[in-house]
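Here's the structure, in C-alpha cells; my notes come after.
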Amino acid sequence: MCNMKILYSIQATGIGHINRALEVLPYLLKYGKVDLFLSGSNSQMDLPYPVTYRSRGVSSALWEINPFRTIREARQLPVEKYDLVINDFECITTIACYYKKVKSLNFGHQASFQSPLVPRPAHRNIIGELLFKYYGTATRYMGLHFRSYDTFIYTPIIKKKLLWAPKISEDHVTVYLPHYRTDRVVRQLKKLKARFILFSPEVEQPFSYDNVTLYPIDPGEFALSISRAYGVITSAGFDIPAETLWLGKKLLCLPIRDQYTQLCNAEALKDFGVPILGDPEELDSHFAGWREGGISHAPLTLTWSTGQLIDRAVFSMQ
C-alpha cells in the first residue's frame with residue numbers, strides 16, 4: 001500500500017481546490033508517488049510540488065468547450081498506469097477514466113452534490129444539476145460539505161494553520177469578494193463604521209484608503225487575517241465560509257449569482273444562520289446590525305481529520 005502510483009487531478013479554476021490539495025498531499029504521499037494534474041485557469045500557478053500534467057481544462061460554459069482538444073487530452077492522459085486516480089471535479093480525467101474503463105474517486109466539495117439531500121435553492125438550475133452529475137463522474141464519491149448530509153459526505157478539510165489557531169479577535173473585518181470590482185467594494189466599505197482588510201486580485205501592493213486596507217491575494221496573509229478578524233465578508237464558496245465557521249467568527253456572504261454551486265452553498269449557510277446578501281449595496285442596511293449583534297450562526301463541527309479522510313479515500317478504492 002505504500003508503493004502506489006497515484007494520479008491526483010485538481011480543478012484549478014478555483015483557488016479552493018488548490019488549497020485543499022496542499023492539505024491533502026502530505027497524507028497522500030505516504031502511500032506512494034503522486035503525479036499531479038492541474039487543469040483550469042490557474043493551471044500555470046506554481047505549487048510547492050512538481051506538476052506532471054497541465055491543461056487549460058474544460059470550461060463549464062458550453063460555448064467555450066473545444067471538444068477536439070478535450071478528447072485529445074483525455075486520450076493522452078495515461079490514467080491506466082495508475083493504481084489510484086483521485087479527481088477533484090476535473091473533467092478531462094473523468095472522460096479519460098470513462099473511455100479507458102479505469103476506476104476513479106471523485107473527492108471534494110462538488111462530489112457531495114451527487115446526493116439529493118444536499119441543500120439546493122428553491123429554483124434548481126438544470127444545467128447546474130447536469131454539471132454536478134456528469135462533469136466529475138467517477139466510480140466512487142467522497143463529498144465534503146458543511147455537514148454530513150449523506151453517508152458519503154464528510155465535514156470540511158481545514159488548513160492546518162487554522163485548525164488550532166488561537167482565539168483572537170481584533171477590530172477588523174476581512175473581506176474577499178473577487179467577483180466584484182475592487183472600486184465598487186471599497187466605495188461601499190468606506191460608508192461603514194469599521195476597519196476593513198480587503199483582499200483583491202486587482203491589487204499588487206498593500207495600501208490603505210480611509211478605513212480600508214487593501215492586500216493582494218496571499219494565502220498566508222489571508223489565513224492570518226481571518227484568524228484575527230472579528231468577522232468575514234465573502235462569497236458563498238466552500239473553503240472560506242467553512243474556515244470562518246470553524247474559527248467561530250461572524251460570517252456574512254454574497255454568493256456569486258451565476259454560479260449554481262454558490263447558490264446551493266448559500267442555502268446550506270442559511271441553515272447555519274449566516275446572513276446572505278444579494279450585492280455590496282445591501283451592506284448599507286445590514287452591516288451595523290450584523291457587526292453589533294452576537295454570533296448567531298451554528299458552529300462547524302469536524303468528524304474526521306484530514307489524515308483519516310485520506311486513509312478512507314485510499315482504502316475505499318481497494
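In the C-alpha cells, chains take the letters A, B, ... in the order shown, each chain's residues start at 1, and ligands count up from 1 in the order shown.
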
For this session: Please provide the set of residues having any atom within 9 Å of A:Thr301, restricted to only C-alpha atoms, with same-chain residues fewer than 3 positions apart removed, written as number ranges by chain.
Result: A: 146-147, 155-156, 245-246

For the residues in the current selection, export C-alpha atoms as a short mmCIF file (atom, residue, chain, number, x, y, z; two decimals), in the first residue's frame.
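The resulting selection_37.cif:
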data_model
loop_
_atom_site.label_atom_id
_atom_site.label_comp_id
_atom_site.auth_asym_id
_atom_site.auth_seq_id
_atom_site.Cartn_x
_atom_site.Cartn_y
_atom_site.Cartn_z
CA PHE A 146 -20.59 21.94 5.88
CA ARG A 147 -22.49 18.97 7.31
CA THR A 155 -17.14 17.60 7.01
CA PRO A 156 -14.59 20.07 5.57
CA LEU A 245 -17.41 28.93 10.83
CA TRP A 246 -14.70 26.70 12.31
#

Problem set entry | Residue contacts of stretch 289-292 of chain A (9 Å, only C-alpha atoms) excluding same-chain residues fewer than 6 positions away, as number ranges by chain | A: 194, 230-231, 250-252, 275

For the residues in that selection, give me N, CA and C atoms as a PDB file, in the first residue's frame.
ATOM      1  N   ALA A 194     -16.289  50.865  10.428  1.00  0.00           N
ATOM      2  CA  ALA A 194     -15.483  49.710  10.810  1.00  0.00           C
ATOM      3  C   ALA A 194     -14.162  49.786  10.062  1.00  0.00           C
ATOM      4  N   TYR A 230     -12.749  39.893  13.596  1.00  0.00           N
ATOM      5  CA  TYR A 230     -13.962  39.560  14.349  1.00  0.00           C
ATOM      6  C   TYR A 230     -15.083  39.163  13.411  1.00  0.00           C
ATOM      7  N   GLY A 231     -14.868  39.342  12.095  1.00  0.00           N
ATOM      8  CA  GLY A 231     -15.866  38.929  11.131  1.00  0.00           C
ATOM      9  C   GLY A 231     -15.287  38.824   9.737  1.00  0.00           C
ATOM     10  N   LYS A 250     -17.820  35.826  12.991  1.00  0.00           N
ATOM     11  CA  LYS A 250     -19.037  36.246  12.292  1.00  0.00           C
ATOM     12  C   LYS A 250     -18.825  36.088  10.793  1.00  0.00           C
ATOM     13  N   LEU A 251     -19.887  35.687  10.103  1.00  0.00           N
ATOM     14  CA  LEU A 251     -19.793  35.443   8.664  1.00  0.00           C
ATOM     15  C   LEU A 251     -20.979  36.073   7.958  1.00  0.00           C
ATOM     16  N   LEU A 252     -20.694  36.757   6.861  1.00  0.00           N
ATOM     17  CA  LEU A 252     -21.733  37.338   6.008  1.00  0.00           C
ATOM     18  C   LEU A 252     -21.346  37.035   4.566  1.00  0.00           C
ATOM     19  N   PRO A 275     -26.172  35.311   7.441  1.00  0.00           N
ATOM     20  CA  PRO A 275     -26.898  36.249   6.568  1.00  0.00           C
ATOM     21  C   PRO A 275     -26.388  36.161   5.129  1.00  0.00           C
TER      22      PRO A 275
END

For this session: Kindly give the distance, in Å, that separates atom CA of A:Val58 and atom CA of A:Pro119, rounded to a single decimal.
Result: 25.9 Å

Exercise. With only C-alpha atoms as the atoms that count, which of A:Thr306, A:Gln114, A:Ser104, A:Ser9 lies nearest to A:Leu130?
Worked result: A:Gln114

Enumerate, as an mmCIF file with C-alpha atoms, in the first residue's frame, the complete set of residues in stretch 79-296 of chain A that a backbone-based DSSP assignment places in alpha helix (DSSP H).
data_model
loop_
_atom_site.group_PDB
_atom_site.id
_atom_site.type_symbol
_atom_site.label_atom_id
_atom_site.label_comp_id
_atom_site.auth_asym_id
_atom_site.auth_seq_id
_atom_site.Cartn_x
_atom_site.Cartn_y
_atom_site.Cartn_z
ATOM 1 C CA CYS A 91 -13.441 16.847 -16.463
ATOM 2 C CA ILE A 92 -10.573 15.581 -18.666
ATOM 3 C CA THR A 93 -9.737 12.918 -16.075
ATOM 4 C CA THR A 94 -13.421 11.990 -15.932
ATOM 5 C CA ILE A 95 -13.502 11.432 -19.714
ATOM 6 C CA ALA A 96 -10.198 9.553 -19.728
ATOM 7 C CA CYS A 97 -11.311 7.164 -16.973
ATOM 8 C CA TYR A 98 -14.677 6.597 -18.632
ATOM 9 C CA TYR A 99 -13.264 5.630 -22.022
ATOM 10 C CA LYS A 100 -10.358 3.604 -20.620
ATOM 11 C CA ILE A 126 -30.977 22.310 -14.868
ATOM 12 C CA ILE A 127 -27.553 22.935 -16.415
ATOM 13 C CA GLY A 128 -26.009 23.260 -12.964
ATOM 14 C CA GLU A 129 -27.506 19.945 -11.889
ATOM 15 C CA LEU A 130 -26.240 18.258 -15.080
ATOM 16 C CA LEU A 131 -22.727 19.577 -14.394
ATOM 17 C CA PHE A 132 -22.880 18.197 -10.851
ATOM 18 C CA LYS A 133 -23.916 14.818 -12.203
ATOM 19 C CA TYR A 134 -21.620 14.401 -15.212
ATOM 20 C CA LYS A 160 -3.576 23.051 9.462
ATOM 21 C CA LYS A 161 -2.547 26.617 10.338
ATOM 22 C CA LEU A 162 -6.197 27.445 11.123
ATOM 23 C CA LEU A 163 -7.176 24.149 12.717
ATOM 24 C CA THR A 182 -12.500 46.486 -6.179
ATOM 25 C CA ASP A 183 -13.537 50.141 -6.509
ATOM 26 C CA ARG A 184 -17.199 49.174 -6.081
ATOM 27 C CA VAL A 185 -16.447 47.210 -2.900
ATOM 28 C CA VAL A 186 -14.219 49.971 -1.482
ATOM 29 C CA ARG A 187 -16.909 52.562 -2.206
ATOM 30 C CA GLN A 188 -19.369 50.587 -0.066
ATOM 31 C CA LEU A 189 -16.925 49.794 2.729
ATOM 32 C CA PRO A 219 -2.939 32.667 1.158
ATOM 33 C CA GLY A 220 -0.707 33.136 4.209
ATOM 34 C CA GLU A 221 -1.748 36.740 4.842
ATOM 35 C CA PHE A 222 -5.380 35.859 4.240
ATOM 36 C CA ALA A 223 -5.322 32.986 6.744
ATOM 37 C CA LEU A 224 -3.707 35.265 9.334
ATOM 38 C CA SER A 225 -6.273 37.984 8.663
ATOM 39 C CA ILE A 226 -9.361 35.777 9.103
ATOM 40 C CA SER A 227 -7.866 34.114 12.193
ATOM 41 C CA ARG A 228 -7.605 37.544 13.854
ATOM 42 C CA ASP A 239 -13.475 26.723 1.964
ATOM 43 C CA ILE A 240 -13.535 30.296 3.305
ATOM 44 C CA PRO A 241 -17.031 30.036 4.853
ATOM 45 C CA ALA A 242 -16.056 26.656 6.356
ATOM 46 C CA GLU A 243 -12.868 28.102 7.853
ATOM 47 C CA THR A 244 -14.749 31.118 9.217
ATOM 48 C CA LEU A 245 -17.407 28.927 10.833
ATOM 49 C CA TRP A 246 -14.698 26.703 12.308
ATOM 50 C CA LEU A 247 -12.902 29.732 13.802
ATOM 51 C CA TYR A 260 -25.016 27.447 -9.100
ATOM 52 C CA THR A 261 -22.669 25.850 -6.552
ATOM 53 C CA GLN A 262 -22.586 29.121 -4.630
ATOM 54 C CA LEU A 263 -26.380 29.441 -4.658
ATOM 55 C CA CYS A 264 -26.576 25.911 -3.231
ATOM 56 C CA ASN A 265 -23.957 26.742 -0.607
ATOM 57 C CA ALA A 266 -25.927 29.847 0.331
ATOM 58 C CA GLU A 267 -28.933 27.657 1.129
ATOM 59 C CA ALA A 268 -26.765 25.452 3.339
ATOM 60 C CA LEU A 269 -25.289 28.521 5.082
ATOM 61 C CA LYS A 270 -28.773 29.860 5.790
ATOM 62 C CA ASP A 271 -29.331 26.713 7.847
ATOM 63 C CA PHE A 272 -26.356 27.791 9.955
ATOM 64 C CA LEU A 283 -24.363 46.289 3.268
ATOM 65 C CA ASP A 284 -25.709 49.805 3.928
ATOM 66 C CA SER A 285 -28.759 48.433 5.719
ATOM 67 C CA HIS A 286 -27.394 45.134 7.099
ATOM 68 C CA PHE A 287 -23.834 45.759 8.260
ATOM 69 C CA ALA A 288 -24.450 47.664 11.508
ATOM 70 C CA GLY A 289 -26.822 45.048 12.893
ATOM 71 C CA TRP A 290 -24.503 42.231 11.824
ATOM 72 C CA ARG A 291 -21.475 43.867 13.446
ATOM 73 C CA GLU A 292 -23.133 44.834 16.720
#

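Atom CA of A:Ile256 is positioned 14.1 Å from atom CA of A:Asn125.
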
Enumerate, as a PDB file with C-alpha atoms, in the first residue's frame, the complete set of residues in stretch 199-280 of chain A that a backbone-based DSSP assignment places in strand (DSSP E or B).
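New file part-v3.pdb:
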ATOM      1  CA  PHE A 199      -8.032  41.093  -0.394  1.00  0.00           C
ATOM      2  CA  PHE A 207      -2.022  50.194   0.675  1.00  0.00           C
ATOM      3  CA  SER A 208      -4.676  51.932   2.767  1.00  0.00           C
ATOM      4  CA  TYR A 209      -7.579  54.098   1.687  1.00  0.00           C
ATOM      5  CA  VAL A 212      -9.909  50.092   4.107  1.00  0.00           C
ATOM      6  CA  THR A 213      -6.516  48.380   3.864  1.00  0.00           C
ATOM      7  CA  LEU A 214      -6.090  46.551   0.568  1.00  0.00           C
ATOM      8  CA  TYR A 215      -3.887  43.486   0.058  1.00  0.00           C
ATOM      9  CA  GLY A 231     -15.866  38.929  11.131  1.00  0.00           C
ATOM     10  CA  VAL A 232     -15.538  37.872   7.492  1.00  0.00           C
ATOM     11  CA  ILE A 233     -17.460  39.069   4.429  1.00  0.00           C
ATOM     12  CA  THR A 234     -17.044  36.840   1.403  1.00  0.00           C
ATOM     13  CA  LYS A 250     -19.037  36.246  12.292  1.00  0.00           C
ATOM     14  CA  LEU A 251     -19.793  35.443   8.664  1.00  0.00           C
ATOM     15  CA  LEU A 252     -21.733  37.338   6.008  1.00  0.00           C
ATOM     16  CA  CYS A 253     -21.950  36.033   2.431  1.00  0.00           C
ATOM     17  CA  ILE A 276     -26.979  36.111   2.758  1.00  0.00           C
TER      18      ILE A 276
END

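Proximity to A:Asn3 was assessed for A:Trp164, A:Tyr53, A:Phe152, A:Tyr82 counting only C-alpha atoms; the smallest distance is recorded for A:Tyr82.
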
For this session: Identify, on the basis of only C-alpha atoms, every residue whose closest approach to A:Ser148 does not exceed 12 Å; exclude the query and any residue fewer than 4 positions from it along the same chain; express the result as a ChimeraX atom specification.
Result: /A:109,112-113,115,117-119,142-144,152-156,268,300-304

For this session: Can you work out the spacing between atom CA of A:Ala12 and atom CA of A:Arg54 in Å, to one decimal?
Result: 9.7 Å

Exercise. Could you name the residues that touch stretch 32-35 of chain A at 12 Å or less, counting only C-alpha atoms, but leaving out those on the same chain fewer than 6 positions away, as a PyMOL selection string?
Worked result: chain A and resi 1-10+21+24-26+49-54+77-79+81-87+314

Mind writing the picked residues with N, CA and C atoms as an mmCIF file, in the first residue's frame?
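Once written, part15.cif looks like this:
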data_model
loop_
_atom_site.group_PDB
_atom_site.id
_atom_site.type_symbol
_atom_site.label_atom_id
_atom_site.label_comp_id
_atom_site.auth_asym_id
_atom_site.auth_seq_id
_atom_site.Cartn_x
_atom_site.Cartn_y
_atom_site.Cartn_z
ATOM 1 N N MET A 1 0.817 -1.225 0.000
ATOM 2 C CA MET A 1 0.000 0.000 0.000
ATOM 3 C C MET A 1 0.843 1.263 0.000
ATOM 4 N N CYS A 2 2.147 1.132 0.299
ATOM 5 C CA CYS A 2 2.996 2.317 0.395
ATOM 6 C C CYS A 2 3.792 2.577 -0.889
ATOM 7 N N ASN A 3 3.597 1.780 -1.911
ATOM 8 C CA ASN A 3 4.325 1.968 -3.164
ATOM 9 C C ASN A 3 3.360 2.177 -4.328
ATOM 10 N N MET A 4 2.272 2.844 -4.059
ATOM 11 C CA MET A 4 1.262 3.049 -5.080
ATOM 12 C C MET A 4 1.681 4.161 -6.045
ATOM 13 N N LYS A 5 1.158 4.086 -7.256
ATOM 14 C CA LYS A 5 1.264 5.187 -8.217
ATOM 15 C C LYS A 5 -0.100 5.861 -8.255
ATOM 16 N N ILE A 6 -0.120 7.141 -7.872
ATOM 17 C CA ILE A 6 -1.380 7.854 -7.671
ATOM 18 C C ILE A 6 -1.437 9.062 -8.597
ATOM 19 N N LEU A 7 -2.562 9.234 -9.259
ATOM 20 C CA LEU A 7 -2.824 10.447 -10.038
ATOM 21 C C LEU A 7 -3.843 11.275 -9.265
ATOM 22 N N TYR A 8 -3.498 12.518 -8.978
ATOM 23 C CA TYR A 8 -4.382 13.435 -8.275
ATOM 24 C C TYR A 8 -4.695 14.586 -9.220
ATOM 25 N N SER A 9 -5.922 14.605 -9.731
ATOM 26 C CA SER A 9 -6.337 15.631 -10.699
ATOM 27 C C SER A 9 -7.114 16.723 -9.989
ATOM 28 N N ILE A 10 -6.711 17.968 -10.222
ATOM 29 C CA ILE A 10 -7.255 19.099 -9.477
ATOM 30 C C ILE A 10 -7.849 20.112 -10.434
ATOM 31 N N ALA A 21 -5.831 20.700 -1.988
ATOM 32 C CA ALA A 21 -4.802 19.768 -2.421
ATOM 33 C C ALA A 21 -3.534 19.915 -1.585
ATOM 34 N N VAL A 24 -4.055 17.966 1.477
ATOM 35 C CA VAL A 24 -4.215 16.528 1.236
ATOM 36 C C VAL A 24 -2.895 15.853 0.873
ATOM 37 N N LEU A 25 -2.056 16.529 0.089
ATOM 38 C CA LEU A 25 -0.874 15.885 -0.500
ATOM 39 C C LEU A 25 0.086 15.254 0.511
ATOM 40 N N PRO A 26 0.406 15.902 1.635
ATOM 41 C CA PRO A 26 1.328 15.242 2.574
ATOM 42 C C PRO A 26 0.838 13.873 3.039
ATOM 43 N N TYR A 49 4.949 21.511 -5.060
ATOM 44 C CA TYR A 49 5.078 20.120 -5.506
ATOM 45 C C TYR A 49 5.202 20.128 -7.018
ATOM 46 N N PRO A 50 5.930 19.171 -7.585
ATOM 47 C CA PRO A 50 6.023 19.112 -9.061
ATOM 48 C C PRO A 50 4.674 18.765 -9.674
ATOM 49 N N VAL A 51 4.362 19.419 -10.791
ATOM 50 C CA VAL A 51 3.110 19.165 -11.516
ATOM 51 C C VAL A 51 3.463 18.386 -12.778
ATOM 52 N N THR A 52 2.913 17.180 -12.912
ATOM 53 C CA THR A 52 3.241 16.305 -14.038
ATOM 54 C C THR A 52 2.480 16.695 -15.299
ATOM 55 N N TYR A 53 1.195 17.035 -15.146
ATOM 56 C CA TYR A 53 0.349 17.360 -16.300
ATOM 57 C C TYR A 53 -0.360 18.694 -16.037
ATOM 58 N N ARG A 54 -0.473 19.479 -17.106
ATOM 59 C CA ARG A 54 -1.204 20.748 -17.022
ATOM 60 C C ARG A 54 -2.136 20.859 -18.227
ATOM 61 N N LEU A 77 -3.975 11.351 -21.604
ATOM 62 C CA LEU A 77 -3.763 11.256 -20.164
ATOM 63 C C LEU A 77 -3.700 9.777 -19.761
ATOM 64 N N PRO A 78 -2.560 9.291 -19.277
ATOM 65 C CA PRO A 78 -2.376 7.837 -19.062
ATOM 66 C C PRO A 78 -2.947 7.363 -17.725
ATOM 67 N N VAL A 79 -4.252 7.511 -17.541
ATOM 68 C CA VAL A 79 -4.874 7.125 -16.267
ATOM 69 C C VAL A 79 -4.718 5.629 -15.992
ATOM 70 N N LYS A 81 -2.214 3.751 -16.101
ATOM 71 C CA LYS A 81 -0.950 3.307 -15.495
ATOM 72 C C LYS A 81 -0.910 3.553 -13.986
ATOM 73 N N TYR A 82 -2.004 4.078 -13.428
ATOM 74 C CA TYR A 82 -2.014 4.407 -12.001
ATOM 75 C C TYR A 82 -2.821 3.393 -11.194
ATOM 76 N N ASP A 83 -2.367 3.186 -9.949
ATOM 77 C CA ASP A 83 -3.095 2.303 -9.029
ATOM 78 C C ASP A 83 -4.315 3.003 -8.444
ATOM 79 N N LEU A 84 -4.265 4.321 -8.365
ATOM 80 C CA LEU A 84 -5.362 5.103 -7.783
ATOM 81 C C LEU A 84 -5.475 6.431 -8.509
ATOM 82 N N VAL A 85 -6.685 6.780 -8.940
ATOM 83 C CA VAL A 85 -6.957 8.071 -9.569
ATOM 84 C C VAL A 85 -7.947 8.819 -8.675
ATOM 85 N N ILE A 86 -7.507 9.962 -8.155
ATOM 86 C CA ILE A 86 -8.362 10.829 -7.335
ATOM 87 C C ILE A 86 -8.630 12.093 -8.127
ATOM 88 N N ASN A 87 -9.885 12.448 -8.232
ATOM 89 C CA ASN A 87 -10.314 13.527 -9.109
ATOM 90 C C ASN A 87 -11.117 14.554 -8.324
ATOM 91 N N VAL A 314 -8.232 6.152 0.175
ATOM 92 C CA VAL A 314 -7.363 5.140 -0.424
ATOM 93 C C VAL A 314 -7.964 3.741 -0.265
#

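Take the candidates A:Val175, A:Ile71, A:Ile18, A:Leu28 and check each one against A:Asp88 using only C-alpha atoms; the shortest distance goes to A:Ile18.
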